$ cat input.pdb   # PDB, C-alpha atoms
ATOM      1  CA  MET A   1      29.039   3.989 -16.159
ATOM      2  CA  PRO A   2      26.017   4.408 -13.824
ATOM      3  CA  GLN A   3      22.773   2.828 -14.939
ATOM      4  CA  GLU A   4      20.208   5.278 -16.225
ATOM      5  CA  ARG A   5      16.939   5.647 -14.363
ATOM      6  CA  LEU A   6      13.828   4.792 -16.308
ATOM      7  CA  LEU A   7      10.701   6.752 -15.391
ATOM      8  CA  VAL A   8       7.933   4.176 -15.046
ATOM      9  CA  LEU A   9       5.125   6.361 -13.660
ATOM     10  CA  ASP A  10       5.057  10.137 -13.551
ATOM     11  CA  HIS A  11       2.958  12.220 -11.190
ATOM     12  CA  ILE A  12      -0.096  12.400 -13.485
ATOM     13  CA  LYS A  13      -0.105   8.647 -14.125
ATOM     14  CA  ILE A  14       0.242   7.964 -10.398
ATOM     15  CA  LEU A  15      -2.755  10.220  -9.701
ATOM     16  CA  GLN A  16      -4.763   8.304 -12.309
ATOM     17  CA  LYS A  17      -3.781   4.971 -10.738
ATOM     18  CA  LEU A  18      -4.666   6.213  -7.244
ATOM     19  CA  ARG A  19      -8.057   7.498  -8.388
ATOM     20  CA  ARG A  20      -8.789   4.099  -9.954
ATOM     21  CA  ILE A  21      -7.709   2.313  -6.751
ATOM     22  CA  ALA A  22      -9.924   4.640  -4.678
ATOM     23  CA  TYR A  23     -12.946   3.806  -6.849
ATOM     24  CA  GLN A  24     -12.151   0.083  -6.593
ATOM     25  CA  LEU A  25     -11.942   0.371  -2.808
ATOM     26  CA  TYR A  26     -15.248   2.223  -2.782
ATOM     27  CA  GLU A  27     -16.934  -0.444  -4.919
ATOM     28  CA  PHE A  28     -15.445  -3.269  -2.841
ATOM     29  CA  ASN A  29     -16.503  -1.692   0.466
ATOM     30  CA  TYR A  30     -19.689   0.176  -0.470
ATOM     31  CA  GLN A  31     -21.655  -1.382   2.424
ATOM     32  CA  GLU A  32     -19.173  -0.210   5.069
ATOM     33  CA  GLU A  33     -19.495   2.910   7.204
ATOM     34  CA  THR A  34     -15.851   2.982   8.277
ATOM     35  CA  LEU A  35     -12.614   1.953   6.592
ATOM     36  CA  THR A  36      -9.372   1.633   8.498
ATOM     37  CA  PHE A  37      -6.127   2.046   6.598
ATOM     38  CA  VAL A  38      -3.009   0.373   7.960
ATOM     39  CA  ALA A  39      -0.045   1.901   6.166
ATOM     40  CA  VAL A  40       3.401   0.306   6.304
ATOM     41  CA  GLU A  41       5.925   2.945   7.374
ATOM     42  CA  LYS A  42       7.225   5.019   5.448
ATOM     43  CA  LYS A  43       6.176   4.909   1.846
ATOM     44  CA  GLY A  44       2.960   3.027   2.530
ATOM     45  CA  VAL A  45       1.971   6.013   4.661
ATOM     46  CA  PHE A  46       2.628   8.442   1.803
ATOM     47  CA  LEU A  47       0.557   6.247  -0.506
ATOM     48  CA  ALA A  48      -2.353   5.987   1.947
ATOM     49  CA  GLU A  49      -2.259   9.751   2.496
ATOM     50  CA  ARG A  50      -2.780  10.195  -1.242
ATOM     51  CA  ILE A  51      -5.587   7.638  -1.577
ATOM     52  CA  ILE A  52      -7.625   8.707   1.475
ATOM     53  CA  PRO A  53      -8.572  12.230   0.232
ATOM     54  CA  ILE A  54      -9.759  10.786  -3.081
ATOM     55  CA  LEU A  55     -11.811   8.158  -1.258
ATOM     56  CA  ARG A  56     -13.318  10.824   1.015
ATOM     57  CA  GLU A  57     -14.221  12.893  -2.052
ATOM     58  CA  ILE A  58     -16.143  10.049  -3.720
ATOM     59  CA  SER A  59     -17.649   8.288  -0.690
ATOM     60  CA  GLY A  60     -19.217   8.886   2.678
ATOM     61  CA  PHE A  61     -16.812   6.618   4.558
ATOM     62  CA  LYS A  62     -15.383   7.518   7.912
ATOM     63  CA  ILE A  63     -11.690   6.743   7.448
ATOM     64  CA  ASN A  64      -9.062   5.941  10.075
ATOM     65  CA  LEU A  65      -5.323   5.769   9.386
ATOM     66  CA  VAL A  66      -2.945   3.747  11.533
ATOM     67  CA  THR A  67       0.754   3.396  10.773
ATOM     68  CA  LEU A  68       2.528   0.063  11.156
ATOM     69  CA  ILE A  69       6.258   0.313  11.757
ATOM     70  CA  ILE A  70       7.736  -3.078  10.982
ATOM     71  CA  ASP A  71      11.381  -4.113  11.144
ATOM     72  CA  LYS A  72      11.959  -5.317   7.586
ATOM     73  CA  GLU A  73      15.076  -7.255   8.667
ATOM     74  CA  ASN A  74      13.215  -8.997  11.505
ATOM     75  CA  PRO A  75       9.513  -8.789  10.602
ATOM     76  CA  LYS A  76       8.435 -11.362  13.234
ATOM     77  CA  GLN A  77       9.398  -8.892  15.937
ATOM     78  CA  ASP A  78       6.444  -7.056  17.455
ATOM     79  CA  PRO A  79       5.728  -3.960  15.365
ATOM     80  CA  THR A  80       5.201  -0.437  16.566
ATOM     81  CA  TRP A  81       1.791   1.057  15.929
ATOM     82  CA  ASN A  82       1.535   4.788  15.384
ATOM     83  CA  GLY A  83      -2.054   5.298  16.358
ATOM     84  CA  ASP A  84      -4.551   3.164  18.227
ATOM     85  CA  ALA A  85      -4.473  -0.310  16.662
ATOM     86  CA  SER A  86      -7.606  -1.302  18.582
ATOM     87  CA  VAL A  87      -9.589   0.625  15.928
ATOM     88  CA  LEU A  88      -8.932  -2.417  13.694
ATOM     89  CA  ASN A  89     -11.304  -4.594  15.726
ATOM     90  CA  GLY A  90     -14.463  -5.343  13.772
ATOM     91  CA  LYS A  91     -13.467  -3.088  10.871
ATOM     92  CA  SER A  92     -12.686  -3.507   7.196
ATOM     93  CA  VAL A  93      -8.956  -2.937   6.997
ATOM     94  CA  ILE A  94      -6.937  -1.801   3.989
ATOM     95  CA  LEU A  95      -3.235  -2.663   4.249
ATOM     96  CA  VAL A  96      -1.108  -0.314   2.119
ATOM     97  CA  ASP A  97       2.532  -0.423   0.980
ATOM     98  CA  ASP A  98       4.316   1.110  -1.988
ATOM     99  CA  VAL A  99       5.941  -1.919  -3.691
ATOM    100  CA  LEU A 100       5.158  -5.634  -3.481
ATOM    101  CA  ASN A 101       8.280  -7.583  -4.341
ATOM    102  CA  SER A 102       8.927 -10.832  -2.468
ATOM    103  CA  GLY A 103       5.836 -10.428  -0.294
ATOM    104  CA  ARG A 104       7.804 -10.673   2.943
ATOM    105  CA  THR A 105       6.919  -7.247   4.365
ATOM    106  CA  LEU A 106       3.279  -7.455   3.310
ATOM    107  CA  ILE A 107       2.683 -10.962   4.678
ATOM    108  CA  TYR A 108       4.213 -10.123   8.055
ATOM    109  CA  ALA A 109       2.293  -6.846   8.148
ATOM    110  CA  ALA A 110      -0.903  -8.810   7.418
ATOM    111  CA  ARG A 111       0.010 -11.233  10.199
ATOM    112  CA  HIS A 112       0.288  -8.342  12.669
ATOM    113  CA  VAL A 113      -3.038  -6.890  11.475
ATOM    114  CA  LEU A 114      -4.676 -10.287  11.955
ATOM    115  CA  ASP A 115      -3.744 -10.188  15.651
ATOM    116  CA  TYR A 116      -6.871  -8.020  15.805
ATOM    117  CA  ASN A 117     -10.419  -9.123  15.126
ATOM    118  CA  VAL A 118     -10.728  -7.513  11.685
ATOM    119  CA  LYS A 119     -13.886  -7.933   9.642
ATOM    120  CA  LYS A 120     -12.118  -7.977   6.269
ATOM    121  CA  LEU A 121      -8.535  -7.394   5.068
ATOM    122  CA  THR A 122      -7.686  -5.904   1.675
ATOM    123  CA  THR A 123      -4.193  -5.171   0.341
ATOM    124  CA  VAL A 124      -3.156  -2.232  -1.849
ATOM    125  CA  VAL A 125       0.202  -1.506  -3.497
ATOM    126  CA  LEU A 126       1.280   1.016  -6.095
ATOM    127  CA  VAL A 127       3.681  -1.364  -7.888
ATOM    128  CA  ASP A 128       3.575  -5.168  -7.946
ATOM    129  CA  ARG A 129       6.839  -6.750  -9.158
ATOM    130  CA  ARG A 130       5.546 -10.346  -8.931
ATOM    131  CA  HIS A 131       8.740 -11.843  -7.447
ATOM    132  CA  ARG A 132       6.877 -13.746  -4.726
ATOM    133  CA  LEU A 133       8.670 -15.748  -2.089
ATOM    134  CA  PHE A 134       5.645 -15.600   0.222
ATOM    135  CA  PRO A 135       2.019 -16.523  -0.583
ATOM    136  CA  ILE A 136       0.394 -13.097  -0.565
ATOM    137  CA  LYS A 137      -1.081 -10.946  -3.281
ATOM    138  CA  ALA A 138      -2.208  -7.386  -3.619
ATOM    139  CA  ASP A 139      -5.938  -7.029  -4.119
ATOM    140  CA  PHE A 140      -5.613  -3.618  -5.749
ATOM    141  CA  VAL A 141      -2.527  -2.611  -7.733
ATOM    142  CA  GLY A 142      -1.585   0.563  -9.557
ATOM    143  CA  LEU A 143       0.884  -1.127 -11.915
ATOM    144  CA  THR A 144       2.141  -4.687 -12.346
ATOM    145  CA  LEU A 145       5.693  -4.571 -13.632
ATOM    146  CA  SER A 146       7.855  -7.418 -14.906
ATOM    147  CA  THR A 147      11.402  -6.844 -13.731
ATOM    148  CA  THR A 148      14.537  -8.850 -13.114
ATOM    149  CA  LEU A 149      15.587  -9.621  -9.555
ATOM    150  CA  GLN A 150      18.492  -7.196  -9.991
ATOM    151  CA  ASP A 151      16.221  -4.286 -10.884
ATOM    152  CA  HIS A 152      15.165  -1.851  -8.195
ATOM    153  CA  ILE A 153      11.900   0.072  -8.107
ATOM    154  CA  ALA A 154      12.264   3.502  -6.521
ATOM    155  CA  VAL A 155       9.046   5.215  -5.478
ATOM    156  CA  GLU A 156       9.628   8.878  -4.732
ATOM    157  CA  PHE A 157       6.910  10.816  -2.969
ATOM    158  CA  GLU A 158       7.354  14.571  -3.158
ATOM    159  CA  GLU A 159       4.383  16.869  -2.790
ATOM    160  CA  GLY A 160       3.080  17.510  -6.304
ATOM    161  CA  ASN A 161       5.846  15.477  -7.959
ATOM    162  CA  ASP A 162       5.498  11.757  -7.192
ATOM    163  CA  ASN A 163       7.395   9.407  -9.498
ATOM    164  CA  VAL A 164       8.265   5.729  -9.871
ATOM    165  CA  TYR A 165      11.621   4.790 -11.374
ATOM    166  CA  LEU A 166      13.249   1.560 -12.463
ATOM    167  CA  ASP A 167      16.899   1.596 -11.447
TER     168      ASP A 167
END
$ encode --input "input.pdb" --output "structure tokens"
Amino acid sequence: MPQERLLVLDHIKILQKLRRIAYQLYEFNYQEETLTFVAVEKKGVFLAERIIPILREISGFKINLVTLIIDKENPKQDPTWNGDASVLNGKSVILVDDVLNSGRTLIYAARHVLDYNVKKLTTVVLVDRRHRLFPIKADFVGLTLSTTLQDHIAVEFEEGNDNVYLD
């Protein structure tokens, strides 16, 4: 018998979480003129693309978005940047991914960001599972969820119908 999916966050709750994260980012960076988002491909990009319009609505920040394509099986390998990564130099950078589980992807992504002369690095995730194998944390989190190692968090981004499930 297949395991039933449990809806953890529906679209409305996700919007509420993202609005709260946007305000936290605004408060944390209020002295900045420009913020540069580095979104981990693919779902980190979807998440950043939902946060950025809210942040633009509530602040006067100039906002850049750069995509980091990292090989999750071999994260030490040089990543691919979709966009000009040199815009990170001297800027406050917000590193975004959908789920923080072991911390492997986020810590290697942060390592690649730190190859540039960033002013400040902040991390954002929608769901933090707290199963750390690497010493990294998310600065701003939509939801912290206690799960077993066997559980899977599925974040589904569909225009107007985003959802988070526990499988």
$ resolve_selection --input "input.pdb" --expression "the PyMOL selection byres ((chain A and resi 83) around 12)" --output "list in words"
Thr36, Phe37, Val38, Ala39, Asn64, Leu65, Val66, Thr67, Leu68, Ile69, Thr80, Trp81, Asn82, Asp84, Ala85, Ser86, Val87 and Leu88 of chain A
$ closest_residue --input "input.pdb" --among "A:Glu73, A:Asp98, A:Glu33, A:Asp139" --to "Glu49 (chain A)" --atoms "only C-alpha atoms"
A:Asp98
$ closest_residue --input "input.pdb" --among "A:Ser59, A:Asn29, A:Asn163, A:Asn101" --to "Gln150 (chain A)" --atoms "all atoms listed in the file"
A:Asn101
$ resolve_selection --input "input.pdb" --expression "the PyMOL selection byres ((chain A and resi 34) around 9)" --output "PyMOL selection string"
chain A and resi 32-33+35-36+60-64+91-92
$ resolve_selection --input "input.pdb" --expression "the PyMOL selection byres ((chain A and resi 5) around 10)" --output "tab-separated table (two decimals) with C-alpha atoms, in the frame of the given file"
chain	number	residue	atom	x	y	z
A	2	PRO	CA	26.02	4.41	-13.82
A	3	GLN	CA	22.77	2.83	-14.94
A	4	GLU	CA	20.21	5.28	-16.23
A	6	LEU	CA	13.83	4.79	-16.31
A	7	LEU	CA	10.70	6.75	-15.39
A	8	VAL	CA	7.93	4.18	-15.05
A	152	HIS	CA	15.16	-1.85	-8.20
A	153	ILE	CA	11.90	0.07	-8.11
A	154	ALA	CA	12.26	3.50	-6.52
A	164	VAL	CA	8.26	5.73	-9.87
A	165	TYR	CA	11.62	4.79	-11.37
A	166	LEU	CA	13.25	1.56	-12.46
A	167	ASP	CA	16.90	1.60	-11.45
$ closest_residue --input "input.pdb" --among "A:Glu57, A:Asp10, A:Glu158, A:Glu41" --to "Tyr23 (chain A)" --atoms "only C-alpha atoms"
A:Glu57
$ atom_distance --input "input.pdb" --atom1 "CA of Asn161 (chain A)" --atom2 "CA of Thr147 (chain A)"
23.7 Å
$ closest_residue --input "input.pdb" --among "A:Leu133, A:Val96, A:Ile70, A:Val125" --to "His112 (chain A)" --atoms "all atoms listed in the file"
A:Ile70
